[in-house]
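**Q** Just structure37.pdb, nothing more (PDB, C-alpha atoms):
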```
ATOM      1  CA  ASP A   1     144.271 140.617 164.442
ATOM      2  CA  TYR A   2     144.373 137.351 162.490
ATOM      3  CA  GLY A   3     147.701 137.214 160.670
ATOM      4  CA  ARG A   4     149.141 140.179 162.587
ATOM      5  CA  ALA A   5     151.229 140.561 165.723
ATOM      6  CA  PHE A   6     149.505 139.897 169.031
ATOM      7  CA  ASP A   7     150.464 139.542 172.699
ATOM      8  CA  TRP A   8     150.782 136.334 174.684
ATOM      9  CA  ARG A   9     149.702 136.065 178.282
ATOM     10  CA  ARG A  10     149.781 132.928 180.370
ATOM     11  CA  VAL A  11     147.224 132.516 183.124
ATOM     12  CA  THR A  12     147.764 129.638 185.513
ATOM     13  CA  SER A  13     144.619 128.321 187.079
ATOM     14  CA  GLY A  14     144.176 125.845 189.801
ATOM     15  CA  SER A  15     143.490 122.245 188.987
ATOM     16  CA  GLY A  16     141.474 121.298 185.906
ATOM     17  CA  TRP A  17     140.556 123.353 182.874
ATOM     18  CA  PRO A  18     140.108 127.110 182.778
ATOM     19  CA  ASP A  19     136.568 128.361 183.191
ATOM     20  CA  GLY A  20     136.283 129.381 179.519
ATOM     21  CA  PHE A  21     138.001 129.935 176.171
ATOM     22  CA  ILE A  22     138.081 132.749 173.666
ATOM     23  CA  HIS A  23     137.837 131.288 170.132
ATOM     24  CA  PHE A  24     138.964 133.304 167.132
ATOM     25  CA  ALA A  25     136.906 132.100 164.190
ATOM     26  CA  ASP A  26     138.648 131.751 160.824
ATOM     27  CA  PRO A  27     137.742 134.623 158.486
ATOM     28  CA  LYS A  28     135.899 133.719 155.295
ATOM     29  CA  LEU A  29     135.712 134.980 151.719
ATOM     30  CA  VAL A  30     132.060 135.027 150.718
ATOM     31  CA  ALA A  31     130.745 135.224 147.145
ATOM     32  CA  THR A  32     127.882 137.715 147.103
ATOM     33  CA  LYS A  33     127.409 137.279 143.343
ATOM     34  CA  LYS A  34     128.565 134.183 141.509
ATOM     35  CA  PRO A  35     130.765 134.329 138.387
ATOM     36  CA  ALA A  36     129.151 134.567 134.943
ATOM     37  CA  ILE A  37     130.183 133.623 131.394
ATOM     38  CA  SER A  38     129.962 136.158 128.573
ATOM     39  CA  GLY A  39     130.691 135.905 124.861
ATOM     40  CA  THR A  40     129.210 133.996 121.938
ATOM     41  CA  LYS A  41     128.469 130.457 123.085
ATOM     42  CA  ARG A  42     129.769 128.733 119.954
ATOM     43  CA  VAL A  43     132.625 126.462 118.976
ATOM     44  CA  GLY A  44     135.634 128.618 118.131
ATOM     45  CA  SER A  45     134.333 131.766 119.861
ATOM     46  CA  VAL A  46     135.997 133.162 122.980
ATOM     47  CA  LEU A  47     134.145 132.931 126.304
ATOM     48  CA  THR A  48     135.137 135.199 129.207
ATOM     49  CA  ALA A  49     134.547 134.595 132.912
ATOM     50  CA  SER A  50     133.657 137.388 135.306
ATOM     51  CA  THR A  51     135.013 137.086 138.837
ATOM     52  CA  GLY A  52     131.675 137.689 140.525
ATOM     53  CA  SER A  53     131.457 139.778 143.691
ATOM     54  CA  TRP A  54     133.133 138.912 147.005
ATOM     55  CA  LYS A  55     133.372 140.134 150.591
ATOM     56  CA  PRO A  56     135.969 141.133 151.547
ATOM     57  CA  ALA A  57     137.675 141.948 148.214
ATOM     58  CA  PRO A  58     140.073 139.165 147.125
ATOM     59  CA  SER A  59     143.608 139.968 146.031
ATOM     60  CA  SER A  60     143.726 137.375 143.221
ATOM     61  CA  PHE A  61     141.633 134.826 141.331
ATOM     62  CA  ALA A  62     142.213 131.447 139.717
ATOM     63  CA  TYR A  63     140.056 129.829 137.028
ATOM     64  CA  GLN A  64     139.130 126.319 135.933
ATOM     65  CA  TRP A  65     136.790 125.634 133.023
ATOM     66  CA  TYR A  66     134.572 122.549 132.840
ATOM     67  CA  SER A  67     132.834 120.887 129.903
ATOM     68  CA  ALA A  68     130.097 118.326 130.512
ATOM     69  CA  GLY A  69     131.085 118.345 134.174
ATOM     70  CA  LYS A  70     134.731 117.476 133.561
ATOM     71  CA  ALA A  71     137.671 119.812 134.070
ATOM     72  CA  VAL A  72     139.240 120.853 130.762
ATOM     73  CA  SER A  73     142.970 120.211 130.917
ATOM     74  CA  GLY A  74     144.954 123.445 130.715
ATOM     75  CA  ALA A  75     141.833 125.658 130.679
ATOM     76  CA  THR A  76     142.888 127.828 133.607
ATOM     77  CA  ASP A  77     142.717 131.316 132.074
ATOM     78  CA  GLN A  78     139.932 133.849 132.384
ATOM     79  CA  THR A  79     138.996 133.065 128.771
ATOM     80  CA  PHE A  80     138.164 129.777 127.080
ATOM     81  CA  THR A  81     137.483 128.872 123.443
ATOM     82  CA  PRO A  82     135.109 125.882 123.088
ATOM     83  CA  ARG A  83     136.403 123.062 120.887
ATOM     84  CA  ALA A  84     134.539 120.837 118.422
ATOM     85  CA  SER A  85     134.412 118.180 121.151
ATOM     86  CA  ASP A  86     132.464 120.628 123.360
ATOM     87  CA  LEU A  87     129.589 120.955 120.862
ATOM     88  CA  ALA A  88     126.204 120.665 122.635
ATOM     89  CA  ASP A  89     127.958 120.294 126.018
ATOM     90  CA  GLN A  90     127.336 122.531 129.009
ATOM     91  CA  VAL A  91     130.306 124.669 129.993
ATOM     92  CA  THR A  92     130.929 126.197 133.430
ATOM     93  CA  VAL A  93     133.815 128.008 135.093
ATOM     94  CA  LYS A  94     134.923 127.761 138.719
ATOM     95  CA  VAL A  95     136.537 130.904 140.129
ATOM     96  CA  THR A  96     138.724 130.553 143.203
ATOM     97  CA  ALA A  97     139.249 133.722 145.244
ATOM     98  CA  ARG A  98     142.362 134.295 147.360
ATOM     99  CA  ARG A  99     143.354 136.858 149.976
ATOM    100  CA  ALA A 100     146.196 136.876 152.483
ATOM    101  CA  SER A 101     145.251 135.409 155.907
ATOM    102  CA  PHE A 102     141.968 134.037 154.506
ATOM    103  CA  PRO A 103     141.220 130.487 153.397
ATOM    104  CA  SER A 104     140.590 130.409 149.641
ATOM    105  CA  ALA A 105     136.980 130.084 148.491
ATOM    106  CA  ALA A 106     135.411 129.038 145.187
ATOM    107  CA  ALA A 107     132.188 129.762 143.294
ATOM    108  CA  THR A 108     130.914 128.243 140.047
ATOM    109  CA  SER A 109     129.017 129.984 137.251
ATOM    110  CA  SER A 110     125.756 128.884 135.696
ATOM    111  CA  ALA A 111     126.179 126.574 132.711
ATOM    112  CA  VAL A 112     125.998 127.660 129.073
ATOM    113  CA  THR A 113     125.379 125.300 126.151
ATOM    114  CA  VAL A 114     127.866 125.358 123.278
ATOM    115  CA  ALA A 115     126.356 125.727 119.801
ATOM    116  CA  ALA A 116     127.992 124.944 116.456
ATOM    117  CA  GLY A 117     130.569 127.436 115.245
ATOM    118  CA  ARG A 118     130.161 129.582 112.156
ATOM    119  CA  PHE A 119     132.584 130.179 109.314
ATOM    120  CA  ALA A 120     133.698 133.573 108.114
ATOM    121  CA  THR A 121     134.395 133.372 104.392
ATOM    122  CA  THR A 122     134.981 135.414 101.260
ATOM    123  CA  VAL A 123     133.196 135.213  97.911
ATOM    124  CA  PRO A 124     134.951 133.053  95.280
ATOM    125  CA  THR A 125     135.764 134.373  91.826
ATOM    126  CA  VAL A 126     135.830 132.708  88.406
ATOM    127  CA  THR A 127     138.688 133.083  85.935
ATOM    128  CA  GLY A 128     138.744 132.156  82.255
ATOM    129  CA  SER A 129     136.888 133.166  79.113
ATOM    130  CA  PRO A 130     133.165 132.255  79.087
ATOM    131  CA  THR A 131     133.138 130.705  75.608
ATOM    132  CA  VAL A 132     132.288 127.179  74.477
ATOM    133  CA  ASP A 133     135.184 124.712  74.926
ATOM    134  CA  SER A 134     137.014 127.162  77.226
ATOM    135  CA  THR A 135     137.797 126.217  80.812
ATOM    136  CA  LEU A 136     136.650 128.260  83.770
ATOM    137  CA  THR A 137     138.475 127.989  87.096
ATOM    138  CA  ALA A 138     137.108 128.681  90.556
ATOM    139  CA  VAL A 139     139.504 130.785  92.612
ATOM    140  CA  ARG A 140     139.253 129.255  96.022
ATOM    141  CA  THR A 141     137.846 131.414  98.802
ATOM    142  CA  SER A 142     139.313 131.798 102.276
ATOM    143  CA  TRP A 143     137.734 130.294 105.390
ATOM    144  CA  THR A 144     138.081 131.297 109.040
ATOM    145  CA  PRO A 145     138.739 128.891 110.605
ATOM    146  CA  VAL A 146     140.239 126.795 107.812
ATOM    147  CA  ALA A 147     137.627 124.399 106.427
ATOM    148  CA  LYS A 148     138.492 120.728 106.767
ATOM    149  CA  LYS A 149     136.879 119.940 103.404
ATOM    150  CA  THR A 150     135.654 122.047 100.486
ATOM    151  CA  THR A 151     133.410 120.951  97.615
ATOM    152  CA  TYR A 152     132.433 122.687  94.374
ATOM    153  CA  GLN A 153     129.226 122.935  92.352
ATOM    154  CA  TRP A 154     128.873 124.823  89.063
ATOM    155  CA  PHE A 155     125.618 126.409  87.911
ATOM    156  CA  ALA A 156     124.282 127.608  84.546
ATOM    157  CA  ASP A 157     121.546 130.233  84.803
ATOM    158  CA  GLY A 158     121.146 129.218  88.457
ATOM    159  CA  GLN A 159     120.647 125.509  87.730
ATOM    160  CA  ALA A 160     123.203 122.975  88.975
ATOM    161  CA  ILE A 161     125.201 121.382  86.145
ATOM    162  CA  ALA A 162     125.171 117.597  86.621
ATOM    163  CA  GLY A 163     128.604 116.220  87.470
ATOM    164  CA  ALA A 164     130.225 119.670  87.536
ATOM    165  CA  THR A 165     131.776 119.352  90.995
ATOM    166  CA  GLY A 166     135.429 120.092  90.303
ATOM    167  CA  LYS A 167     137.529 123.200  90.627
ATOM    168  CA  THR A 168     137.322 123.722  86.850
ATOM    169  CA  LEU A 169     134.507 123.597  84.280
ATOM    170  CA  THR A 170     134.844 123.141  80.517
ATOM    171  CA  LEU A 171     131.954 124.912  78.872
ATOM    172  CA  ALA A 172     129.719 122.856  76.574
ATOM    173  CA  PRO A 173     127.541 124.002  73.665
ATOM    174  CA  GLU A 174     124.381 123.731  75.793
ATOM    175  CA  GLN A 175     125.701 126.547  78.022
ATOM    176  CA  VAL A 176     125.658 129.135  75.187
ATOM    177  CA  ASP A 177     123.903 132.349  76.278
ATOM    178  CA  GLN A 178     123.808 131.180  79.898
ATOM    179  CA  THR A 179     125.621 132.815  82.834
ATOM    180  CA  ILE A 180     127.879 130.661  85.006
ATOM    181  CA  THR A 181     128.440 130.697  88.770
ATOM    182  CA  VAL A 182     130.257 128.399  91.147
ATOM    183  CA  SER A 183     129.420 127.580  94.763
ATOM    184  CA  ILE A 184     132.034 126.410  97.273
ATOM    185  CA  GLU A 185     130.915 124.592 100.409
ATOM    186  CA  GLY A 186     133.081 124.271 103.517
ATOM    187  CA  THR A 187     132.780 121.742 106.333
ATOM    188  CA  LYS A 188     134.570 121.223 109.643
ATOM    189  CA  ALA A 189     133.723 119.260 112.789
ATOM    190  CA  GLY A 190     131.835 121.414 115.269
ATOM    191  CA  TYR A 191     130.874 124.040 112.657
ATOM    192  CA  THR A 192     127.720 124.664 110.664
ATOM    193  CA  THR A 193     128.315 123.795 107.001
ATOM    194  CA  ALA A 194     128.560 126.999 104.961
ATOM    195  CA  SER A 195     128.580 127.805 101.255
ATOM    196  CA  THR A 196     129.442 130.883  99.251
ATOM    197  CA  ARG A 197     128.727 131.569  95.562
ATOM    198  CA  SER A 198     130.559 133.656  92.998
ATOM    199  CA  ALA A 199     129.108 136.446  90.925
ATOM    200  CA  GLU A 200     127.717 135.533  87.483
ATOM    201  CA  THR A 201     129.966 135.508  84.454
ATOM    202  CA  THR A 202     128.849 137.182  81.286
ATOM    203  CA  ALA A 203     126.720 135.016  79.022
ATOM    204  CA  VAL A 204     128.649 132.127  77.447
ATOM    205  CA  ALA A 205     129.592 132.905  73.855
ATOM    206  CA  PRO A 206     129.875 130.345  71.031
ATOM    207  CA  GLY A 207     133.314 128.927  70.381
ATOM    208  CA  THR A 208     135.351 129.840  67.273
ATOM    209  CA  MET A 209     136.159 127.184  64.663
TER
END
```
If you convert what's in this file into structure tokens, what do you get?
**A**
Amino acid sequence: DYGRAFDWRRVTSGSGWPDGFIHFADPKLVATKKPAISGTKRVGSVLTASTGSWKPAPSSFAYQWYSAGKAVSGATDQTFTPRASDLADQVTVKVTARRASFPSAAATSSAVTVAAGRFATTVPTVTGSPTVDSTLTAVRTSWTPVAKKTTYQWFADGQAIAGATGKTLTLAPEQVDQTITVSIEGTKAGYTTASTRSAETTAVAPGTM
């Protein structure tokens, strides 16, 4: 009857204490299966906490995520997206169960290690006429998430052109009959460096006097 109506009865004994007491123990919420973390364990990917299993069934849950043993400020949802600062750290989640007339109880998941994130990107394209003395331009690709820094490298017949690390390339006579590609590399803290290369142009034609 804990938390419900009950009857009072007063029994007056003689001197001293009564012969005995009836003690009503506090009820407890017990985790029969601890919470778990699912999702891709990488920077920038969403992790989701399960509630685990409890007896009796709780009416609500609260969450707190931890990184390297420290509570992450504001990370109190069922989901958590690891940041660059969490790279190589162990992440856990503490789930607190609540039910009316029961003291709250908490259980913590096993730890997962956060790996470097991965970019999603598109293939760049090259604009301009592939003829000697003409300028080719790399049309910048898109990055998800946005890359902090991008660098360019131009290639002729698959070989890197020395010094050709800008967004544009002016074709020289030595590139005649060669196909041109450009590679764009993206970097960001907490993410694996990624590169993507354009399709080949047609063979470079001689210029016209």
**Q** Around (129.3, 140.0, 148.3) in the file's frame, which residues reach within 8 Å when counting only C-alpha atoms? Return as a PyMOL selection string?
**A** chain A and resi 30-33+53-56
**Q** Could you tell me which residues the PyMOL selection byres ((chain A and resi 124) around 10) grabs in this file, written as an MDAnalysis selection string?
**A** chainID A and resid 121:123 125:126 138:142 181:184 196:199
**Q** In Å, with one decimal, what is the gap from atom CA of Ala49 of chain A to atom CA of Pro82 of chain A?
**A**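 Straight-line distance from atom CA of Ala49 of chain A to atom CA of Pro82 of chain A works out to 13.1 Å.
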**Q** Quick one: which residues end up in the PyMOL selection byres ((chain A and resi 111-117) around 9) for this structure, as a count of residues only?
**A** 27
**Q** At what distance in Å, to one decimal, does atom CA of Thr150 of chain A lie from atom CA of Thr131 of chain A?
**A**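 Separation between atom CA of Thr131 of chain A and atom CA of Thr150 of chain A: 26.5 Å.
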**Q** Quick one: of A:Ala75, A:Ala164, A:Phe80, A:Gln175, who's nearest to Ser38 of chain A, counting all atoms listed in the file?
**A** A:Phe80
**Q** So what do you get for atom CA of Arg9 of chain A versus atom CA of Ala25 of chain A, distance-wise?
**A**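 Separation of atom CA of Arg9 of chain A and atom CA of Ala25 of chain A: 19.4 Å.
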**Q** Select, from A:Val95, A:Thr193, A:Thr48, A:Gly186, the residue with the minimum atom-to-atom distance to Ala147 of chain A, counting all atoms listed in the file.
**A**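 Using all atoms listed in the file, the shortest distance to Ala147 of chain A belongs to A:Gly186.
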**Q** For a quick check of understanding, using all atoms listed in the file, which of A:Ala156, A:Val176, A:Ala120, A:Leu136 has the smallest distance to Ala194 of chain A?
**A**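 Result for the nearest residue to Ala194 of chain A: A:Ala120.
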**Q** Please write the residues picked by the PyMOL selection byres ((chain A and resi 135) around 7) on this file as a list in words.
**A**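 On this input, the PyMOL selection byres ((chain A and resi 135) around 7) captures Gly128, Asp133, Ser134, Leu136, Thr137, Thr168, Leu169, Thr170 and Leu171 of chain A.
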**Q** Here is a test: counting all atoms listed in the file, which residue of A:Lys188, A:Thr76, A:Ala162, A:Ile180 is nearest to Glu200 of chain A?
**A**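 Among the listed residues, A:Ile180 lies closest to Glu200 of chain A.
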**Q** Nearest to Asp77 of chain A: which of A:Val46, A:Pro206, A:Pro58, A:Phe21 is it, counting all atoms listed in the file?
**A** A:Val46
**Q** Please rebuild segment 152-179 of chain A with N, CA and C atoms and give the result as a compact mmCIF listing (two decimals), in the frame of the given file.
**A**
```txt
# COMPACT_ATOMS: atom_id res chain seq x y z
N TYR A 152 132.83 121.72 95.40
CA TYR A 152 132.43 122.69 94.37
C TYR A 152 131.17 122.22 93.66
N GLN A 153 130.37 123.20 93.22
CA GLN A 153 129.23 122.94 92.35
C GLN A 153 129.07 124.11 91.40
N TRP A 154 129.05 123.79 90.09
CA TRP A 154 128.87 124.82 89.06
C TRP A 154 127.41 124.92 88.65
N PHE A 155 127.00 126.15 88.29
CA PHE A 155 125.62 126.41 87.91
C PHE A 155 125.58 127.16 86.58
N ALA A 156 124.55 126.87 85.78
CA ALA A 156 124.28 127.61 84.55
C ALA A 156 122.89 128.21 84.65
N ASP A 157 122.81 129.52 84.59
CA ASP A 157 121.55 130.23 84.80
C ASP A 157 120.87 129.79 86.11
N GLY A 158 121.68 129.56 87.14
CA GLY A 158 121.15 129.22 88.46
C GLY A 158 120.81 127.77 88.66
N GLN A 159 120.95 126.94 87.61
CA GLN A 159 120.65 125.51 87.73
C GLN A 159 121.95 124.71 87.83
N ALA A 160 122.00 123.78 88.78
CA ALA A 160 123.20 122.98 88.98
C ALA A 160 123.51 122.16 87.72
N ILE A 161 124.77 122.17 87.30
CA ILE A 161 125.20 121.38 86.14
C ILE A 161 125.59 120.00 86.66
N ALA A 162 124.94 118.97 86.16
CA ALA A 162 125.17 117.60 86.62
C ALA A 162 126.64 117.21 86.46
N GLY A 163 127.22 116.70 87.53
CA GLY A 163 128.60 116.22 87.47
C GLY A 163 129.66 117.30 87.53
N ALA A 164 129.26 118.57 87.55
CA ALA A 164 130.22 119.67 87.54
C ALA A 164 130.59 120.02 88.98
N THR A 165 131.43 119.20 89.58
CA THR A 165 131.78 119.35 91.00
C THR A 165 133.28 119.49 91.22
N GLY A 166 133.99 119.89 90.18
CA GLY A 166 135.43 120.09 90.30
C GLY A 166 135.78 121.56 90.38
N LYS A 167 137.07 121.82 90.53
CA LYS A 167 137.53 123.20 90.63
C LYS A 167 137.44 123.91 89.28
N THR A 168 137.40 123.14 88.19
CA THR A 168 137.32 123.72 86.85
C THR A 168 136.07 123.23 86.13
N LEU A 169 135.65 123.97 85.11
CA LEU A 169 134.51 123.60 84.28
C LEU A 169 134.82 123.92 82.83
N THR A 170 134.71 122.92 81.95
CA THR A 170 134.84 123.14 80.52
C THR A 170 133.46 123.38 79.94
N LEU A 171 133.28 124.51 79.34
CA LEU A 171 131.95 124.91 78.87
C LEU A 171 131.53 124.11 77.64
N ALA A 172 130.28 123.67 77.66
CA ALA A 172 129.72 122.86 76.57
C ALA A 172 128.77 123.70 75.73
N PRO A 173 128.44 123.24 74.54
CA PRO A 173 127.54 124.00 73.67
C PRO A 173 126.20 124.34 74.31
N GLU A 174 125.68 123.46 75.18
CA GLU A 174 124.38 123.73 75.79
C GLU A 174 124.40 124.91 76.78
N GLN A 175 125.61 125.40 77.12
CA GLN A 175 125.70 126.55 78.02
C GLN A 175 125.75 127.90 77.28
N VAL A 176 125.65 127.88 75.95
CA VAL A 176 125.66 129.14 75.19
C VAL A 176 124.52 130.04 75.67
N ASP A 177 124.84 131.31 75.84
CA ASP A 177 123.90 132.35 76.28
C ASP A 177 123.48 132.23 77.75
N GLN A 178 124.10 131.30 78.47
CA GLN A 178 123.81 131.18 79.90
C GLN A 178 124.94 131.80 80.74
N THR A 179 124.60 132.30 81.92
CA THR A 179 125.62 132.82 82.83
C THR A 179 126.04 131.69 83.78
```
